[in-house]
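Below is my_file.pdb, which holds PDB, C-alpha atoms.
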```pdb
ATOM      1  CA  MET X 122      48.983 -79.029  45.085
ATOM      2  CA  SER X 123      46.815 -75.905  45.257
ATOM      3  CA  LEU X 124      44.615 -76.170  48.341
ATOM      4  CA  ARG X 125      41.885 -74.124  49.915
ATOM      5  CA  ILE X 126      41.066 -74.702  53.592
ATOM      6  CA  THR X 127      37.620 -73.430  54.578
ATOM      7  CA  GLN X 128      36.530 -73.337  58.210
ATOM      8  CA  LEU X 129      32.911 -74.207  58.916
ATOM      9  CA  VAL X 130      30.836 -74.203  62.092
ATOM     10  CA  ASP X 131      28.864 -77.161  63.384
ATOM     11  CA  PRO X 132      25.265 -75.859  63.552
ATOM     12  CA  GLU X 133      24.245 -78.165  66.412
ATOM     13  CA  PRO X 134      26.492 -78.092  69.490
ATOM     14  CA  GLY X 135      25.852 -81.019  71.816
ATOM     15  CA  PRO X 136      25.171 -81.015  75.558
ATOM     16  CA  SER X 137      28.826 -81.677  76.398
ATOM     17  CA  SER X 138      30.818 -80.471  73.388
ATOM     18  CA  ARG X 139      30.884 -78.357  70.259
ATOM     19  CA  ARG X 140      32.759 -78.901  66.990
ATOM     20  CA  LEU X 141      34.879 -76.895  64.605
ATOM     21  CA  VAL X 142      35.089 -78.110  61.019
ATOM     22  CA  TRP X 143      37.513 -77.575  58.136
ATOM     23  CA  LEU X 144      37.036 -78.586  54.521
ATOM     24  CA  ALA X 145      39.989 -78.920  52.146
ATOM     25  CA  SER X 146      39.226 -78.423  48.462
ATOM     26  CA  GLY X 147      41.384 -78.701  45.365
ATOM     27  CA  VAL X 148      41.898 -76.297  42.501
ATOM     28  CA  ASP X 149      38.605 -77.400  40.914
ATOM     29  CA  GLY X 150      36.697 -76.824  44.160
ATOM     30  CA  GLY X 151      36.155 -80.517  44.792
ATOM     31  CA  PRO X 152      36.553 -81.728  48.397
ATOM     32  CA  VAL X 153      39.737 -83.660  49.119
ATOM     33  CA  GLY X 154      39.737 -83.847  52.913
ATOM     34  CA  SER X 155      38.142 -82.717  56.147
ATOM     35  CA  ALA X 156      38.910 -82.233  59.822
ATOM     36  CA  PHE X 157      36.586 -82.140  62.820
ATOM     37  CA  LEU X 158      37.766 -80.845  66.186
ATOM     38  CA  ARG X 159      35.450 -81.661  69.073
ATOM     39  CA  LEU X 160      35.865 -79.233  71.963
ATOM     40  CA  PHE X 161      34.605 -80.735  75.212
ATOM     41  CA  THR X 162      32.698 -78.210  77.298
ATOM     42  CA  ARG X 163      31.607 -80.108  80.424
ATOM     43  CA  GLU X 164      33.299 -79.643  83.778
ATOM     44  CA  GLY X 165      36.357 -81.880  84.082
ATOM     45  CA  GLN X 166      37.135 -81.995  80.344
ATOM     46  CA  GLU X 167      37.457 -78.355  79.293
ATOM     47  CA  HIS X 168      41.169 -78.995  78.648
ATOM     48  CA  LEU X 169      40.538 -81.632  75.967
ATOM     49  CA  ALA X 170      39.826 -81.715  72.229
ATOM     50  CA  GLU X 171      39.276 -84.697  69.950
ATOM     51  CA  LEU X 172      40.391 -84.720  66.310
ATOM     52  CA  GLU X 173      38.922 -86.623  63.366
ATOM     53  CA  LEU X 174      40.836 -86.093  60.118
ATOM     54  CA  ALA X 175      40.217 -87.699  56.731
ATOM     55  CA  VAL X 176      41.898 -87.325  53.335
ATOM     56  CA  HIS X 177      40.703 -88.934  50.118
ATOM     57  CA  GLY X 178      42.945 -91.889  49.272
ATOM     58  CA  SER X 179      44.013 -90.462  45.904
ATOM     59  CA  GLU X 180      44.986 -87.126  47.493
ATOM     60  CA  ARG X 181      47.310 -88.415  50.230
ATOM     61  CA  ARG X 182      50.997 -87.470  50.494
ATOM     62  CA  GLN X 183      50.330 -84.056  48.974
ATOM     63  CA  GLY X 184      50.129 -82.016  52.176
ATOM     64  CA  VAL X 185      46.348 -82.084  52.609
ATOM     65  CA  GLY X 186      46.429 -83.823  55.976
ATOM     66  CA  THR X 187      49.230 -81.607  57.265
ATOM     67  CA  ARG X 188      47.375 -78.417  56.349
ATOM     68  CA  LEU X 189      44.199 -79.631  58.032
ATOM     69  CA  LEU X 190      46.129 -80.735  61.103
ATOM     70  CA  ASP X 191      47.882 -77.366  61.392
ATOM     71  CA  ALA X 192      44.526 -75.566  61.269
ATOM     72  CA  ALA X 193      42.994 -77.836  63.920
ATOM     73  CA  LEU X 194      45.950 -77.602  66.319
ATOM     74  CA  ALA X 195      46.070 -73.812  65.962
ATOM     75  CA  ALA X 196      42.379 -73.643  66.843
ATOM     76  CA  ALA X 197      42.886 -75.959  69.835
ATOM     77  CA  ARG X 198      45.592 -73.621  71.160
ATOM     78  CA  THR X 199      43.364 -70.591  70.614
ATOM     79  CA  GLU X 200      40.597 -72.367  72.534
ATOM     80  CA  GLY X 201      42.976 -72.935  75.444
ATOM     81  CA  ARG X 202      43.110 -76.708  75.139
ATOM     82  CA  ARG X 203      45.876 -78.690  76.809
ATOM     83  CA  SER X 204      45.576 -81.961  74.880
ATOM     84  CA  VAL X 205      44.285 -83.167  71.527
ATOM     85  CA  VAL X 206      43.455 -86.853  71.093
ATOM     86  CA  ALA X 207      42.876 -88.804  67.884
ATOM     87  CA  GLN X 208      42.321 -92.467  67.135
ATOM     88  CA  ALA X 209      43.641 -94.594  64.280
ATOM     89  CA  GLU X 210      43.405 -98.247  63.349
ATOM     90  CA  GLN X 211      46.690 -99.974  64.034
ATOM     91  CA  GLY X 212      48.872-100.117  60.907
ATOM     92  CA  SER X 213      46.646 -97.763  58.872
ATOM     93  CA  PRO X 214      47.845 -94.629  57.015
ATOM     94  CA  ALA X 215      46.299 -92.549  59.821
ATOM     95  CA  ASP X 216      48.351 -94.490  62.378
ATOM     96  CA  LEU X 217      51.574 -93.643  60.543
ATOM     97  CA  PHE X 218      50.493 -90.031  59.927
ATOM     98  CA  LEU X 219      49.810 -89.247  63.585
ATOM     99  CA  ALA X 220      52.976 -90.950  64.811
ATOM    100  CA  ALA X 221      55.056 -88.831  62.415
ATOM    101  CA  ARG X 222      53.503 -85.525  63.508
ATOM    102  CA  GLY X 223      54.099 -85.177  67.198
ATOM    103  CA  PHE X 224      51.326 -87.423  68.503
ATOM    104  CA  ARG X 225      52.271 -90.120  70.995
ATOM    105  CA  PRO X 226      50.403 -93.394  71.602
ATOM    106  CA  VAL X 227      48.614 -93.353  74.972
ATOM    107  CA  LEU X 228      46.007 -96.136  74.776
ATOM    108  CA  SER X 229      45.511 -99.394  72.872
ATOM    109  CA  LEU X 230      42.001-100.652  72.165
ATOM    110  CA  THR X 231      40.643-103.983  70.984
ATOM    111  CA  TYR X 232      37.465-103.857  68.899
ATOM    112  CA  ALA X 233      35.240-106.925  68.876
ATOM    113  CA  ARG X 234      31.914-108.076  67.418
ATOM    114  CA  LEU X 235      29.356-110.605  68.539
ATOM    115  CA  PRO X 236      27.544-112.116  65.514
ATOM    116  CA  LEU X 237      24.054-112.550  66.939
ATOM    117  CA  ALA X 238      23.241-115.449  64.621
ATOM    118  CA  ASP X 239      26.083-117.383  66.268
ATOM    119  CA  ALA X 240      25.289-116.424  69.861
ATOM    120  CA  ASP X 241      24.847-119.344  72.271
ATOM    121  CA  LEU X 242      21.287-118.686  73.429
ATOM    122  CA  THR X 243      21.306-121.447  76.034
ATOM    123  CA  ALA X 244      24.452-120.052  77.636
ATOM    124  CA  LEU X 245      23.078-116.487  77.493
ATOM    125  CA  ASP X 246      19.850-117.561  79.181
ATOM    126  CA  GLU X 247      21.802-119.334  81.898
ATOM    127  CA  LEU X 248      23.970-116.273  82.562
ATOM    128  CA  ALA X 249      21.114-113.755  82.412
ATOM    129  CA  ASP X 250      18.842-115.834  84.682
ATOM    130  CA  ARG X 251      21.508-116.733  87.250
ATOM    131  CA  ALA X 252      20.700-115.381  90.703
ATOM    132  CA  HIS X 253      23.052-112.827  92.253
ATOM    133  CA  PRO X 254      22.073-112.604  95.935
ATOM    134  CA  GLY X 255      21.583-109.030  97.074
ATOM    135  CA  TYR X 256      21.059-107.708  93.540
ATOM    136  CA  ARG X 257      18.396-107.591  90.848
ATOM    137  CA  LEU X 258      18.328-106.439  87.241
ATOM    138  CA  THR X 259      16.134-103.757  85.752
ATOM    139  CA  GLU X 260      16.080-102.259  82.270
ATOM    140  CA  TRP X 261      14.593 -99.414  80.278
ATOM    141  CA  GLU X 262      14.427 -97.911  76.806
ATOM    142  CA  GLY X 263      15.536 -94.327  76.208
ATOM    143  CA  THR X 264      15.593 -91.971  79.185
ATOM    144  CA  VAL X 265      16.129 -93.401  82.658
ATOM    145  CA  PRO X 266      12.917 -93.648  84.764
ATOM    146  CA  ALA X 267      12.546 -90.779  87.228
ATOM    147  CA  GLU X 268      12.725 -93.016  90.290
ATOM    148  CA  LEU X 269      16.156 -94.327  89.226
ATOM    149  CA  ALA X 270      17.576 -91.125  87.739
ATOM    150  CA  ARG X 271      19.569 -89.885  90.721
ATOM    151  CA  THR X 272      21.269 -93.168  91.633
ATOM    152  CA  TYR X 273      21.841 -93.962  87.962
ATOM    153  CA  ALA X 274      23.645 -90.637  87.525
ATOM    154  CA  ASP X 275      25.615 -91.371  90.707
ATOM    155  CA  SER X 276      26.568 -94.815  89.375
ATOM    156  CA  ARG X 277      28.341 -93.220  86.408
ATOM    157  CA  ARG X 278      31.376 -92.719  88.660
ATOM    158  CA  ALA X 279      31.944 -96.429  88.006
ATOM    159  CA  MET X 280      33.677 -95.218  84.813
ATOM    160  CA  ASP X 281      36.085 -92.919  86.678
ATOM    161  CA  ASP X 282      38.723 -95.628  87.132
ATOM    162  CA  MET X 283      38.232 -97.167  83.697
ATOM    163  CA  PRO X 284      41.717 -97.998  82.354
ATOM    164  CA  MET X 285      42.772 -95.061  80.171
ATOM    165  CA  GLU X 286      46.538 -95.628  80.426
ATOM    166  CA  ASP X 287      48.321 -92.323  79.636
ATOM    167  CA  THR X 288      45.349 -90.482  78.116
ATOM    168  CA  ASP X 289      44.744 -86.973  79.500
ATOM    169  CA  TYR X 290      41.029 -87.726  79.557
ATOM    170  CA  GLY X 291      40.037 -85.816  82.658
ATOM    171  CA  THR X 292      37.096 -86.686  84.888
ATOM    172  CA  VAL X 293      33.606 -86.668  83.447
ATOM    173  CA  VAL X 294      31.107 -85.173  85.887
ATOM    174  CA  TRP X 295      27.670 -86.783  85.595
ATOM    175  CA  ASP X 296      24.342 -85.553  86.910
ATOM    176  CA  VAL X 297      20.705 -86.270  86.066
ATOM    177  CA  GLU X 298      20.656 -83.500  83.478
ATOM    178  CA  ARG X 299      23.558 -85.054  81.617
ATOM    179  CA  VAL X 300      22.251 -88.633  81.529
ATOM    180  CA  VAL X 301      18.901 -87.311  80.248
ATOM    181  CA  ALA X 302      20.647 -85.171  77.607
ATOM    182  CA  VAL X 303      22.629 -88.173  76.305
ATOM    183  CA  ALA X 304      19.481 -90.263  75.959
ATOM    184  CA  GLU X 305      17.708 -87.434  74.167
ATOM    185  CA  ALA X 306      20.647 -86.985  71.767
ATOM    186  CA  VAL X 307      20.504 -90.684  70.825
ATOM    187  CA  ALA X 308      16.761 -90.420  70.222
ATOM    188  CA  ARG X 309      17.111 -87.280  68.075
ATOM    189  CA  ARG X 310      19.384 -89.035  65.626
ATOM    190  CA  GLY X 311      16.886 -91.887  65.317
ATOM    191  CA  ASP X 312      18.708 -94.587  67.291
ATOM    192  CA  LEU X 313      17.422 -96.668  70.210
ATOM    193  CA  LEU X 314      19.119 -96.660  73.619
ATOM    194  CA  HIS X 315      18.590 -99.689  75.835
ATOM    195  CA  THR X 316      20.028 -99.872  79.352
ATOM    196  CA  VAL X 317      20.299-102.808  81.733
ATOM    197  CA  ALA X 318      21.123-101.870  85.324
ATOM    198  CA  ALA X 319      22.078-103.812  88.421
ATOM    199  CA  VAL X 320      20.209-102.628  91.516
ATOM    200  CA  ASP X 321      21.169-103.109  95.142
ATOM    201  CA  ALA X 322      18.214-105.015  96.615
ATOM    202  CA  ALA X 323      18.811-103.436 100.026
ATOM    203  CA  ASP X 324      18.103 -99.834  99.029
ATOM    204  CA  GLY X 325      17.028 -99.892  95.363
ATOM    205  CA  SER X 326      20.034 -97.893  94.151
ATOM    206  CA  VAL X 327      21.695 -98.481  90.779
ATOM    207  CA  VAL X 328      25.182 -99.956  91.253
ATOM    208  CA  GLY X 329      26.061-100.850  87.650
ATOM    209  CA  PHE X 330      24.840-100.439  84.079
ATOM    210  CA  SER X 331      25.286-101.706  80.539
ATOM    211  CA  GLU X 332      24.198 -99.452  77.655
ATOM    212  CA  LEU X 333      23.471-100.578  74.104
ATOM    213  CA  VAL X 334      22.565 -98.372  71.138
ATOM    214  CA  VAL X 335      20.715 -99.993  68.218
ATOM    215  CA  PRO X 336      19.989 -98.423  64.797
ATOM    216  CA  GLY X 337      16.445 -97.137  64.574
ATOM    217  CA  ASP X 338      15.429 -99.710  61.967
ATOM    218  CA  GLY X 339      16.728-102.586  64.083
ATOM    219  CA  ARG X 340      19.194-103.686  61.411
ATOM    220  CA  GLY X 341      22.962-103.663  61.010
ATOM    221  CA  ASP X 342      25.042-103.678  64.181
ATOM    222  CA  GLY X 343      24.348-102.311  67.644
ATOM    223  CA  GLN X 344      27.040-100.542  69.675
ATOM    224  CA  HIS X 345      27.793-101.024  73.358
ATOM    225  CA  TYR X 346      28.322 -97.596  74.929
ATOM    226  CA  GLY X 347      29.547 -98.682  78.331
ATOM    227  CA  THR X 348      29.392-101.416  80.946
ATOM    228  CA  ALA X 349      30.581-100.607  84.459
ATOM    229  CA  VAL X 350      30.072-101.535  88.112
ATOM    230  CA  LEU X 351      30.748 -99.340  91.136
ATOM    231  CA  PRO X 352      34.030-100.359  92.829
ATOM    232  CA  GLU X 353      32.344-101.371  96.071
ATOM    233  CA  HIS X 354      30.096-103.838  94.204
ATOM    234  CA  ARG X 355      32.682-105.511  91.970
ATOM    235  CA  GLY X 356      33.668-109.141  92.245
ATOM    236  CA  HIS X 357      30.105-110.497  92.021
ATOM    237  CA  GLY X 358      29.914-111.063  88.247
ATOM    238  CA  LEU X 359      27.519-108.146  87.718
ATOM    239  CA  GLY X 360      29.207-106.934  84.520
ATOM    240  CA  ARG X 361      28.798-110.256  82.735
ATOM    241  CA  TRP X 362      25.256-110.618  84.135
ATOM    242  CA  MET X 363      24.159-107.234  82.763
ATOM    243  CA  LYS X 364      25.834-107.702  79.392
ATOM    244  CA  ALA X 365      24.302-111.159  78.920
ATOM    245  CA  ALA X 366      20.854-109.715  79.671
ATOM    246  CA  SER X 367      21.498-106.872  77.220
ATOM    247  CA  ILE X 368      22.461-109.313  74.444
ATOM    248  CA  ARG X 369      19.403-111.463  75.049
ATOM    249  CA  ARG X 370      17.131-108.420  74.997
ATOM    250  CA  ALA X 371      18.676-107.224  71.715
ATOM    251  CA  ARG X 372      18.003-110.588  70.077
ATOM    252  CA  GLU X 373      14.405-110.618  71.288
ATOM    253  CA  ARG X 374      13.569-107.039  70.352
ATOM    254  CA  HIS X 375      15.516-106.792  67.089
ATOM    255  CA  PRO X 376      15.525-110.127  65.200
ATOM    256  CA  GLU X 377      17.103-108.510  62.115
ATOM    257  CA  LEU X 378      20.055-107.073  64.045
ATOM    258  CA  GLY X 379      23.301-108.510  62.681
ATOM    259  CA  GLY X 380      25.711-108.101  65.572
ATOM    260  CA  LEU X 381      26.911-106.116  68.565
ATOM    261  CA  LEU X 382      30.105-104.049  68.608
ATOM    262  CA  THR X 383      32.299-103.214  71.562
ATOM    263  CA  ASP X 384      35.724-101.688  72.187
ATOM    264  CA  THR X 385      37.853-102.223  75.262
ATOM    265  CA  ALA X 386      41.208-100.940  76.467
ATOM    266  CA  ASP X 387      43.848-103.647  76.268
ATOM    267  CA  SER X 388      44.655-102.970  79.931
ATOM    268  CA  ASN X 389      41.044-103.698  80.987
ATOM    269  CA  ALA X 390      41.554-107.430  81.529
ATOM    270  CA  PRO X 391      38.246-108.037  83.388
ATOM    271  CA  MET X 392      36.081-106.641  80.570
ATOM    272  CA  LEU X 393      38.143-108.381  77.893
ATOM    273  CA  ALA X 394      37.481-111.632  79.764
ATOM    274  CA  VAL X 395      33.732-110.871  79.898
ATOM    275  CA  ASN X 396      33.627-110.217  76.145
ATOM    276  CA  ASP X 397      35.542-113.419  75.421
ATOM    277  CA  ALA X 398      33.213-115.470  77.632
ATOM    278  CA  LEU X 399      30.156-114.051  75.838
ATOM    279  CA  GLY X 400      31.474-114.917  72.368
ATOM    280  CA  TYR X 401      32.767-111.567  71.079
ATOM    281  CA  VAL X 402      35.343-111.979  68.310
ATOM    282  CA  PRO X 403      38.164-109.394  67.969
ATOM    283  CA  THR X 404      38.022-107.564  64.627
ATOM    284  CA  HIS X 405      40.879-105.039  64.827
ATOM    285  CA  ARG X 406      42.954-102.926  67.169
ATOM    286  CA  SER X 407      43.207 -99.166  67.398
ATOM    287  CA  VAL X 408      45.659 -96.746  68.925
ATOM    288  CA  GLU X 409      44.628 -93.590  70.772
ATOM    289  CA  TYR X 410      47.150 -90.829  70.133
ATOM    290  CA  GLN X 411      47.630 -87.627  72.055
ATOM    291  CA  HIS X 412      49.269 -84.323  71.161
ATOM    292  CA  ASP X 413      50.297 -82.293  74.200
ATOM    293  CA  LEU X 414      49.869 -78.585  73.570
TER     294      LEU X 414
END
```

Could you quickly redo this structure as structure tokens?
Amino acid sequence: MSLRITQLVDPEPGPSSRRLVWLASGVDGGPVGSAFLRLFTREGQEHLAELELAVHGSERRQGVGTRLLDAALAAARTEGRRSVVAQAEQGSPADLFLAARGFRPVLSLTYARLPLADADLTALDELADRAHPGYRLTEWEGTVPAELARTYADSRRAMDDMPMEDTDYGTVVWDVERVVAVAEAVARRGDLLHTVAAVDAADGSVVGFSELVVPGDGRGDGQHYGTAVLPEHRGHGLGRWMKAASIRRARERHPELGGLLTDTADSNAPMLAVNDALGYVPTHRSVEYQHDL
């Protein structure tokens, strides 16, 4: 097959990454595949790149994916990256493709959905309203309030020990500037960011959070971005408390929302148990692959 690989440049680099893009076109100039390589730029992840590769179903097994992959890996080496990660649904053509081309599986993920029409509102109310001595819940839309910004940024270290199995993920360094930039990026694309946080009643500091992103029109499915509790405050049921409050808020604010999506590492037994208790139904599993450069 006669192929042309054209490299493009993402015109809008984000606050923590930039992307390189390749378009594969056939002899008639029509697109047959694409590759996106996200180069992380924040401290703690400058060694990492993330690959998204797609080939039109009718054009597979003709070398399109291999050519795009070669271009992306060459660029990753030029950029001084140590690892390239890519994700594929278990059993899909992408799963087989990555496994056959030097990528190794490093993380298994379970994806799940909560159909909001089937949510047990009585149970959610009971969980969200249950007292947790020494703690209280607060919530906000969009950017974190100024009075909570510093401790909220500090609480992001709750994700540092999130089960990542063998993934060379690095350590994400969070500060107020970064949490504000993420919220602004969500707003720019027209989505709504809602955060529920657990606060230590003794000093008013944020000790845990649960983030949910909802489409701007309030329809379709929302996506959980992260739920985490600082290690020294675990064991009190704060994760389930925050997530239950987030679900209830989503139902109240967005009556046309269909469901809520979440993904969890298979080794993260506590969060899998929380999702199961709240009524999330597994939809599929994915494999995170890594190519060591």

Open item on the list: Give me the residues near X:Val294 as a list in words, where near means some atom within 10 Å (using all atoms listed in the file) and where sequence neighbours in that chain fewer than 2 positions away do not count.
Closed with: Arg163, Glu164, Gly165, Gln166, Ala274, Asp275, Arg277, Arg278, Asp281, Gly291, Thr292, Asp296 and Arg299 of chain X

Task: Length of the atom CA of X:Pro136 to atom CA of X:Arg198 vector [Å] - done: 22.2 Å

TODO: Find the residues near stretch 250-257 of chain X: any atom within 10 Å, counting only C-alpha atoms, skip ones fewer than 2 places away on the same chain, and give them as a list in words.
DONE: Ala244, Leu245, Asp246, Glu247, Leu248, Thr259, Ala318, Ala319, Val320, Asp321, Ala322, Ala323, Gly325, Ser326, Val327, Val328, His354, His357, Gly358, Leu359, Trp362, Met363, Ala365 and Ala366 of chain X

- [ ] For atom CA of X:Val205 and atom CA of X:Met280, determine how far apart the two atoms are, in Å to one decimal place.
- [x]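 Atom-to-atom, atom CA of X:Val205 to atom CA of X:Met280, that is 20.8 Å.
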
TODO: Choose the residue, out of X:Ala279, X:Val148, X:Val153, X:Leu414, that has the smallest atom-to-atom separation from X:Glu200; count all atoms listed in the file.
DONE: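 Checking each candidate against X:Glu200, we get X:Leu414 as the closest.
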
Extending 6 Å beyond the listed atoms of stretch 133-152 of chain X on each side, what axis-aligned box results? I want centre and edge lengths in Å to one decimal, as JSON.
```
{"center_x": 33.1, "center_y": -79.0, "center_z": 58.7, "size_x": 29.7, "size_y": 17.4, "size_z": 47.5}
```

Open item on the list: When you count only C-alpha atoms, which of these residues is closest to X:Thr288: X:Val130, X:Ser123, X:Arg182, X:Val206?
Closed with: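 When distances to X:Thr288 are compared using only C-alpha atoms, the smallest one comes from X:Val206.
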
Open item on the list: Which residue is closest to X:Thr127? Choose from X:Arg374, X:Arg340, X:Arg140, X:Arg188 and count all atoms listed in the file.
Closed with: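 Ranked by minimum distance to X:Thr127, first place goes to X:Arg188.
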
Task: Best match for closeness to X:Phe218 among X:Asp338, X:Ala196, X:Asp384, X:Tyr410, counting all atoms listed in the file - done: X:Tyr410

Task: Residue neighbourhood stretch 389-402 of chain X, 12 Å, all atoms listed in the file, exclusion window fewer than 5 positions, as a ChimeraX atom specification - done: /X:228-249,280,282-286,331,345,347-350,355-356,358-369,380-384

With C-alpha atoms retained, could you export that selection as a PDB file, in the coordinates of the input?
```pdb
ATOM      1  CA  LEU X 228      46.007 -96.136  74.776  1.00  0.00           C
ATOM      2  CA  SER X 229      45.511 -99.394  72.872  1.00  0.00           C
ATOM      3  CA  LEU X 230      42.001-100.652  72.165  1.00  0.00           C
ATOM      4  CA  THR X 231      40.643-103.983  70.984  1.00  0.00           C
ATOM      5  CA  TYR X 232      37.465-103.857  68.899  1.00  0.00           C
ATOM      6  CA  ALA X 233      35.240-106.925  68.876  1.00  0.00           C
ATOM      7  CA  ARG X 234      31.914-108.076  67.418  1.00  0.00           C
ATOM      8  CA  LEU X 235      29.356-110.605  68.539  1.00  0.00           C
ATOM      9  CA  PRO X 236      27.544-112.116  65.514  1.00  0.00           C
ATOM     10  CA  LEU X 237      24.054-112.550  66.939  1.00  0.00           C
ATOM     11  CA  ALA X 238      23.241-115.449  64.621  1.00  0.00           C
ATOM     12  CA  ASP X 239      26.083-117.383  66.268  1.00  0.00           C
ATOM     13  CA  ALA X 240      25.289-116.424  69.861  1.00  0.00           C
ATOM     14  CA  ASP X 241      24.847-119.344  72.271  1.00  0.00           C
ATOM     15  CA  LEU X 242      21.287-118.686  73.429  1.00  0.00           C
ATOM     16  CA  THR X 243      21.306-121.447  76.034  1.00  0.00           C
ATOM     17  CA  ALA X 244      24.452-120.052  77.636  1.00  0.00           C
ATOM     18  CA  LEU X 245      23.078-116.487  77.493  1.00  0.00           C
ATOM     19  CA  ASP X 246      19.850-117.561  79.181  1.00  0.00           C
ATOM     20  CA  GLU X 247      21.802-119.334  81.898  1.00  0.00           C
ATOM     21  CA  LEU X 248      23.970-116.273  82.562  1.00  0.00           C
ATOM     22  CA  ALA X 249      21.114-113.755  82.412  1.00  0.00           C
ATOM     23  CA  MET X 280      33.677 -95.218  84.813  1.00  0.00           C
ATOM     24  CA  ASP X 282      38.723 -95.628  87.132  1.00  0.00           C
ATOM     25  CA  MET X 283      38.232 -97.167  83.697  1.00  0.00           C
ATOM     26  CA  PRO X 284      41.717 -97.998  82.354  1.00  0.00           C
ATOM     27  CA  MET X 285      42.772 -95.061  80.171  1.00  0.00           C
ATOM     28  CA  GLU X 286      46.538 -95.628  80.426  1.00  0.00           C
ATOM     29  CA  SER X 331      25.286-101.706  80.539  1.00  0.00           C
ATOM     30  CA  HIS X 345      27.793-101.024  73.358  1.00  0.00           C
ATOM     31  CA  GLY X 347      29.547 -98.682  78.331  1.00  0.00           C
ATOM     32  CA  THR X 348      29.392-101.416  80.946  1.00  0.00           C
ATOM     33  CA  ALA X 349      30.581-100.607  84.459  1.00  0.00           C
ATOM     34  CA  VAL X 350      30.072-101.535  88.112  1.00  0.00           C
ATOM     35  CA  ARG X 355      32.682-105.511  91.970  1.00  0.00           C
ATOM     36  CA  GLY X 356      33.668-109.141  92.245  1.00  0.00           C
ATOM     37  CA  GLY X 358      29.914-111.063  88.247  1.00  0.00           C
ATOM     38  CA  LEU X 359      27.519-108.146  87.718  1.00  0.00           C
ATOM     39  CA  GLY X 360      29.207-106.934  84.520  1.00  0.00           C
ATOM     40  CA  ARG X 361      28.798-110.256  82.735  1.00  0.00           C
ATOM     41  CA  TRP X 362      25.256-110.618  84.135  1.00  0.00           C
ATOM     42  CA  MET X 363      24.159-107.234  82.763  1.00  0.00           C
ATOM     43  CA  LYS X 364      25.834-107.702  79.392  1.00  0.00           C
ATOM     44  CA  ALA X 365      24.302-111.159  78.920  1.00  0.00           C
ATOM     45  CA  ALA X 366      20.854-109.715  79.671  1.00  0.00           C
ATOM     46  CA  SER X 367      21.498-106.872  77.220  1.00  0.00           C
ATOM     47  CA  ILE X 368      22.461-109.313  74.444  1.00  0.00           C
ATOM     48  CA  ARG X 369      19.403-111.463  75.049  1.00  0.00           C
ATOM     49  CA  GLY X 380      25.711-108.101  65.572  1.00  0.00           C
ATOM     50  CA  LEU X 381      26.911-106.116  68.565  1.00  0.00           C
ATOM     51  CA  LEU X 382      30.105-104.049  68.608  1.00  0.00           C
ATOM     52  CA  THR X 383      32.299-103.214  71.562  1.00  0.00           C
ATOM     53  CA  ASP X 384      35.724-101.688  72.187  1.00  0.00           C
TER      54      ASP X 384
END
```

TODO: Kindly provide, as an MDAnalysis selection string, the polymer residues lying within 12 Å of (20.9, -86.6, 72.5), counting all atoms listed in the file and using the coordinates exactly as they appear in the file.
DONE: chainID X and resid 133:138 263:264 298:314 334

Task: Evaluate the PyMOL selection byres ((chain X and resi 146) around 10) and report residues as a PyMOL selection string - done: chain X and resi 123-127+143-145+147-155+185

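One distance worth recording is that between atom CA of X:Leu158 and atom CA of X:Ala175, which is 11.9 Å.
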